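Asks: Here you go, input-v6.cif (mmCIF, C-alpha atoms):
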```cif
data_query
#
loop_
_atom_site.group_PDB
_atom_site.id
_atom_site.type_symbol
_atom_site.label_atom_id
_atom_site.label_comp_id
_atom_site.auth_asym_id
_atom_site.auth_seq_id
_atom_site.Cartn_x
_atom_site.Cartn_y
_atom_site.Cartn_z
ATOM 1 C CA MET N 1 86.512 87.934 94.308
ATOM 2 C CA ALA N 2 86.633 87.717 90.508
ATOM 3 C CA PRO N 3 84.944 90.576 88.639
ATOM 4 C CA PHE N 4 82.302 88.361 87.026
ATOM 5 C CA THR N 5 81.150 87.194 90.452
ATOM 6 C CA SER N 6 80.663 90.715 91.754
ATOM 7 C CA TYR N 7 78.742 91.709 88.612
ATOM 8 C CA MET N 8 76.581 88.600 88.847
ATOM 9 C CA GLN N 9 75.850 89.590 92.444
ATOM 10 C CA GLU N 10 74.499 92.880 91.070
ATOM 11 C CA ALA N 11 72.334 90.951 88.618
ATOM 12 C CA LEU N 12 71.077 88.784 91.491
ATOM 13 C CA ARG N 13 70.135 91.960 93.404
ATOM 14 C CA GLU N 14 68.099 93.061 90.399
ATOM 15 C CA ALA N 15 66.469 89.615 90.284
ATOM 16 C CA ARG N 16 65.514 89.838 93.968
ATOM 17 C CA ALA N 17 64.038 93.299 93.376
ATOM 18 C CA ALA N 18 62.008 91.847 90.497
ATOM 19 C CA ALA N 19 60.694 89.109 92.805
ATOM 20 C CA ASP N 20 59.721 91.792 95.335
ATOM 21 C CA ARG N 21 57.619 93.359 92.541
ATOM 22 C CA ASP N 22 56.015 89.932 91.901
ATOM 23 C CA GLU N 23 57.947 89.593 88.646
ATOM 24 C CA THR N 24 59.844 86.485 87.607
ATOM 25 C CA PRO N 25 63.194 86.978 89.385
ATOM 26 C CA VAL N 26 65.608 87.620 86.556
ATOM 27 C CA GLY N 27 68.172 90.407 86.709
ATOM 28 C CA ALA N 28 70.625 91.741 84.140
ATOM 29 C CA VAL N 29 73.629 94.053 84.299
ATOM 30 C CA ILE N 30 75.577 95.525 81.387
ATOM 31 C CA VAL N 31 79.207 96.303 82.134
ATOM 32 C CA ASP N 32 81.984 98.166 80.378
ATOM 33 C CA PRO N 33 84.918 95.909 81.332
ATOM 34 C CA ALA N 34 87.481 98.419 80.061
ATOM 35 C CA ARG N 35 86.284 100.964 82.637
ATOM 36 C CA ASP N 36 85.076 98.451 85.258
ATOM 37 C CA GLU N 37 81.724 100.274 85.225
ATOM 38 C CA ILE N 38 78.111 99.155 85.302
ATOM 39 C CA ILE N 39 76.294 100.897 82.441
ATOM 40 C CA ALA N 40 72.785 99.523 83.083
ATOM 41 C CA ALA N 41 71.035 97.256 85.576
ATOM 42 C CA GLU N 42 67.471 95.988 85.248
ATOM 43 C CA GLY N 43 65.104 93.279 86.396
ATOM 44 C CA ASN N 44 62.056 91.779 84.714
ATOM 45 C CA ARG N 45 59.077 94.169 84.448
ATOM 46 C CA THR N 46 56.653 92.320 82.161
ATOM 47 C CA ARG N 47 53.722 92.601 84.588
ATOM 48 C CA GLU N 48 54.503 96.115 85.747
ATOM 49 C CA MET N 49 54.763 97.425 82.176
ATOM 50 C CA ASN N 50 52.152 95.094 80.652
ATOM 51 C CA ASP N 51 54.816 94.281 78.080
ATOM 52 C CA PRO N 52 55.836 90.719 77.200
ATOM 53 C CA THR N 53 59.179 92.035 75.894
ATOM 54 C CA ALA N 54 60.137 93.711 79.200
ATOM 55 C CA HIS N 55 62.647 91.014 80.101
ATOM 56 C CA ALA N 56 65.636 92.089 82.192
ATOM 57 C CA GLU N 57 68.073 91.665 79.295
ATOM 58 C CA VAL N 58 66.000 93.714 76.849
ATOM 59 C CA LEU N 59 65.439 96.490 79.402
ATOM 60 C CA ALA N 60 69.152 96.603 80.271
ATOM 61 C CA ILE N 61 70.098 96.747 76.586
ATOM 62 C CA ARG N 62 67.574 99.531 75.954
ATOM 63 C CA SER N 63 68.896 101.469 78.943
ATOM 64 C CA ALA N 64 72.550 101.052 77.941
ATOM 65 C CA CYS N 65 71.828 102.050 74.333
ATOM 66 C CA ALA N 66 69.976 105.164 75.496
ATOM 67 C CA LYS N 67 72.754 106.078 77.917
ATOM 68 C CA LEU N 68 75.476 105.628 75.304
ATOM 69 C CA GLY N 69 73.487 107.000 72.354
ATOM 70 C CA SER N 70 74.055 103.896 70.234
ATOM 71 C CA GLU N 71 71.994 101.005 68.904
ATOM 72 C CA ARG N 72 74.930 98.649 69.440
ATOM 73 C CA LEU N 73 77.007 97.815 72.479
ATOM 74 C CA PRO N 74 80.311 96.372 71.212
ATOM 75 C CA GLY N 75 82.909 95.828 73.893
ATOM 76 C CA LEU N 76 80.295 95.522 76.657
ATOM 77 C CA ASP N 77 79.439 92.459 78.702
ATOM 78 C CA LEU N 78 76.032 91.263 79.898
ATOM 79 C CA TYR N 79 75.500 89.385 83.153
ATOM 80 C CA VAL N 80 72.075 87.790 83.550
ATOM 81 C CA THR N 81 70.807 85.407 86.207
ATOM 82 C CA LEU N 82 69.038 83.023 83.813
ATOM 83 C CA GLU N 83 69.942 81.653 80.389
ATOM 84 C CA PRO N 84 68.379 84.112 77.933
ATOM 85 C CA CYS N 85 65.256 83.093 76.045
ATOM 86 C CA PRO N 86 65.295 83.131 72.214
ATOM 87 C CA MET N 87 63.957 86.715 72.080
ATOM 88 C CA CYS N 88 66.634 87.971 74.451
ATOM 89 C CA ALA N 89 69.389 85.975 72.746
ATOM 90 C CA THR N 90 68.451 87.561 69.432
ATOM 91 C CA THR N 91 68.430 91.015 71.031
ATOM 92 C CA ILE N 92 71.864 90.317 72.538
ATOM 93 C CA SER N 93 73.132 89.363 69.081
ATOM 94 C CA PHE N 94 71.679 92.484 67.433
ATOM 95 C CA ALA N 95 73.194 94.665 70.189
ATOM 96 C CA ARG N 96 76.610 93.119 69.495
ATOM 97 C CA ILE N 97 77.267 92.344 73.167
ATOM 98 C CA ARG N 98 80.892 91.195 73.519
ATOM 99 C CA ARG N 99 80.446 88.561 76.228
ATOM 100 C CA LEU N 100 77.419 86.976 77.895
ATOM 101 C CA TYR N 101 77.611 85.538 81.392
ATOM 102 C CA PHE N 102 74.518 83.780 82.703
ATOM 103 C CA GLY N 103 73.612 81.994 85.908
ATOM 104 C CA ALA N 104 71.009 79.236 85.827
ATOM 105 C CA TYR N 105 70.467 77.117 82.738
ATOM 106 C CA ASP N 106 66.914 77.043 81.343
ATOM 107 C CA PRO N 107 66.202 73.731 79.583
ATOM 108 C CA LYS N 108 62.543 74.681 79.029
ATOM 109 C CA GLY N 109 62.767 78.286 77.819
ATOM 110 C CA GLY N 110 66.417 78.997 77.093
ATOM 111 C CA GLY N 111 67.651 80.065 73.704
ATOM 112 C CA VAL N 112 71.424 79.937 74.136
ATOM 113 C CA GLU N 113 72.399 76.447 75.338
ATOM 114 C CA HIS N 114 68.877 74.995 74.956
ATOM 115 C CA GLY N 115 66.019 75.320 72.506
ATOM 116 C CA PRO N 116 66.948 77.038 69.242
ATOM 117 C CA THR N 117 70.537 77.875 70.330
ATOM 118 C CA ILE N 118 70.273 81.254 68.625
ATOM 119 C CA PHE N 119 74.006 81.963 68.509
ATOM 120 C CA ASN N 120 74.636 78.743 66.569
ATOM 121 C CA GLN N 121 72.183 79.549 63.772
ATOM 122 C CA PRO N 122 73.566 80.472 60.340
ATOM 123 C CA THR N 123 71.307 83.551 60.352
ATOM 124 C CA CYS N 124 72.843 84.879 63.590
ATOM 125 C CA HIS N 125 74.659 88.136 62.858
ATOM 126 C CA HIS N 126 76.865 88.127 65.956
ATOM 127 C CA ALA N 127 77.573 85.487 68.581
ATOM 128 C CA PRO N 128 79.008 86.746 71.859
ATOM 129 C CA GLU N 129 81.427 84.690 73.861
ATOM 130 C CA THR N 130 79.157 82.843 76.299
ATOM 131 C CA ILE N 131 79.881 81.592 79.798
ATOM 132 C CA GLY N 132 77.051 79.802 81.589
ATOM 133 C CA GLY N 133 76.673 78.614 85.154
ATOM 134 C CA VAL N 134 78.044 81.745 86.876
ATOM 135 C CA SER N 135 76.516 81.767 90.394
ATOM 136 C CA GLU N 136 74.201 79.099 89.035
ATOM 137 C CA THR N 137 73.090 77.767 92.414
ATOM 138 C CA ASP N 138 72.125 81.199 93.761
ATOM 139 C CA ALA N 139 70.175 82.015 90.609
ATOM 140 C CA ALA N 140 68.425 78.636 90.506
ATOM 141 C CA VAL N 141 67.447 78.761 94.181
ATOM 142 C CA LEU N 142 65.959 82.236 93.724
ATOM 143 C CA LEU N 143 63.768 80.956 90.877
ATOM 144 C CA LYS N 144 62.762 77.757 92.724
ATOM 145 C CA VAL N 145 61.744 79.668 95.852
ATOM 146 C CA PHE N 146 59.785 82.214 93.797
ATOM 147 C CA PHE N 147 57.831 79.621 91.814
ATOM 148 C CA GLY N 148 57.523 77.250 94.774
ATOM 149 C CA SER N 149 55.698 79.920 96.768
ATOM 150 C CA ARG N 150 53.149 80.256 93.945
ATOM 151 C CA ARG N 151 52.207 76.595 93.651
#
```
Produce structure tokens that represent the structure in this file.

Replies:
Amino acid sequence: MAPFTSYMQEALREARAAADRDETPVGAVIVDPARDEIIAAEGNRTREMNDPTAHAEVLAIRSACAKLGSERLPGLDLYVTLEPCPMCATTISFARIRRLYFGAYDPKGGGVEHGPTIFNQPTCHHAPETIGGVSETDAAVLLKVFFGSRR
């Protein structure tokens, strides 16, 4: 199994845990590829924390920064189950994440391949290498089941 698949499986576990908390099932994992080590793993907690910025990516970045004692995370990779929204994409840029892997594409709310395409803007300070569609079907099914059960 390729490393990115196993890390995306960790992000999917975080997404399932978020769904169990009645949060939108998005999970994120920050990895140090040089040491083959997960630095932070989080799922959405916007309802739990009453915080609209408590997206999985933002929480994982905050956790990794705190753990490493740095406001930037150069050399680290982020695996997230859904294409990051514009807020998260901007946070990823500011954190100087090396590489972004994401699962499902988000034509409605995404900010990387859809919407404002944050990393393509002239005001973007740093654009990570981006690889979309990693475990896309698993991530998309998780979201469809979650939202389908609420309609």

Asks: Ranking N:Ala17, N:Val58, N:Ala34, N:Ala104 by minimum distance to Lys144 (chain N) and counting all atoms listed in the file, which one comes first?

Replies: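 That would be N:Ala104, the residue with the smallest distance to Lys144 (chain N).
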
Asks: Report, in Å to a single decimal, how far apart CA of Arg96 (chain N) and CA of Ala28 (chain N) are.

Replies: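 Between these atoms lies a distance of 15.9 Å.
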
Asks: Calculated over only C-alpha atoms, which of the candidates N:Thr90, N:Thr130, N:Asn44, N:Asn50 has the smallest distance to Arg21 (chain N)?

Replies: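 Ranking N:Thr90, N:Thr130, N:Asn44, N:Asn50 by distance to Arg21 (chain N), first place goes to N:Asn44.
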
Asks: Could you work out an axis-aligned box for region 16-35 of chain N, taking every atom the file lists and adding 4 Å on each side, and report centre and edge lengths in Å to one decimal, as JSON?

Replies:
```
{"center_x": 71.7, "center_y": 93.7, "center_z": 87.7, "size_x": 39.5, "size_y": 22.5, "size_z": 23.3}
```

Asks: Pull out every residue that the PyMOL selection byres ((chain N and resi 87-89) around 8) matches in the shown coordinates and put them as a list in words.

Replies: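 Those residues are His55, Glu57, Val58, Pro84, Cys85, Pro86, Thr90, Thr91, Ile92, Ser93, Gly111, Val112, Ile118 and Phe119 of chain N.
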
Asks: When distances are computed from only C-alpha atoms, which of N:Ser135, N:Ser63, N:Thr53, N:Thr24 shows the smallest separation from Arg150 (chain N)?

Replies: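 Comparing N:Ser135, N:Ser63, N:Thr53, N:Thr24 against Arg150 (chain N), the winner is N:Thr24.
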
Asks: For a test of reading the model, state the distance in Å between CA of Ser149 (chain N) and CA of Val134 (chain N), rounded to one decimal.

Replies: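 Atom-to-atom, CA of Ser149 (chain N) and CA of Val134 (chain N) are spaced 24.5 Å apart.
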
Asks: Between CA of Gly75 (chain N) and CA of Asp138 (chain N), what is the distance in Å, rounded to a tenth?

Replies: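 If I compute the distance from CA of Gly75 (chain N) to CA of Asp138 (chain N), I get 26.9 Å.
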
Asks: For Gly27 (chain N), work out the shell of residues within 7 Å, counting only C-alpha atoms and skipping chain neighbours fewer than 3 positions away, then give it as a VMD selection string.

Replies: chain N and resid 11 to 12 14 to 15 42 to 44 56 80 to 81

Asks: From the options N:Ala127, N:Ala66, N:Ile30, N:Leu82, which residue's atoms come nearest to Ala140 (chain N), counting all atoms listed in the file?

Replies: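 For Ala140 (chain N), the nearest of the candidates is N:Leu82.
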
Asks: Got a sec to check which residues sit within 12 Å of (79.6, 103.2, 76.9), counting only C-alpha atoms, and write them as a list in words?

Replies: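 Returned residue set, sorted by chain then number, is Ile30, Val31, Asp32, Pro33, Ala34, Arg35, Asp36, Glu37, Ile38, Ile39, Ala40, Ile61, Ser63, Ala64, Cys65, Ala66, Lys67, Leu68, Gly69, Ser70, Glu71, Arg72, Leu73, Pro74, Gly75, Leu76, Asp77 and Ile97 of chain N.
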
Asks: Return the single residue from N:Ala19, N:Ala95, N:Val29, N:Leu143 that is closest to Leu78 (chain N), with distances computed using only C-alpha atoms.

Replies: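 Between N:Ala19, N:Ala95, N:Val29, N:Leu143, the residue approaching Leu78 (chain N) most closely is N:Val29.
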
Asks: With distances taken over all atoms listed in the file, which residue among N:Glu48, N:Cys124, N:Leu142, N:Tyr101 lies nearest Val26 (chain N)?

Replies: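 Closest to Val26 (chain N) of all the choices is N:Leu142.
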
Asks: Find the residues with any atom within 8 Å of (75.3, 76.1, 84.3); use only C-alpha atoms and the coordinates as given in the file, and write the answer as number ranges by chain.

Replies: N: 102-105, 132-134, 136
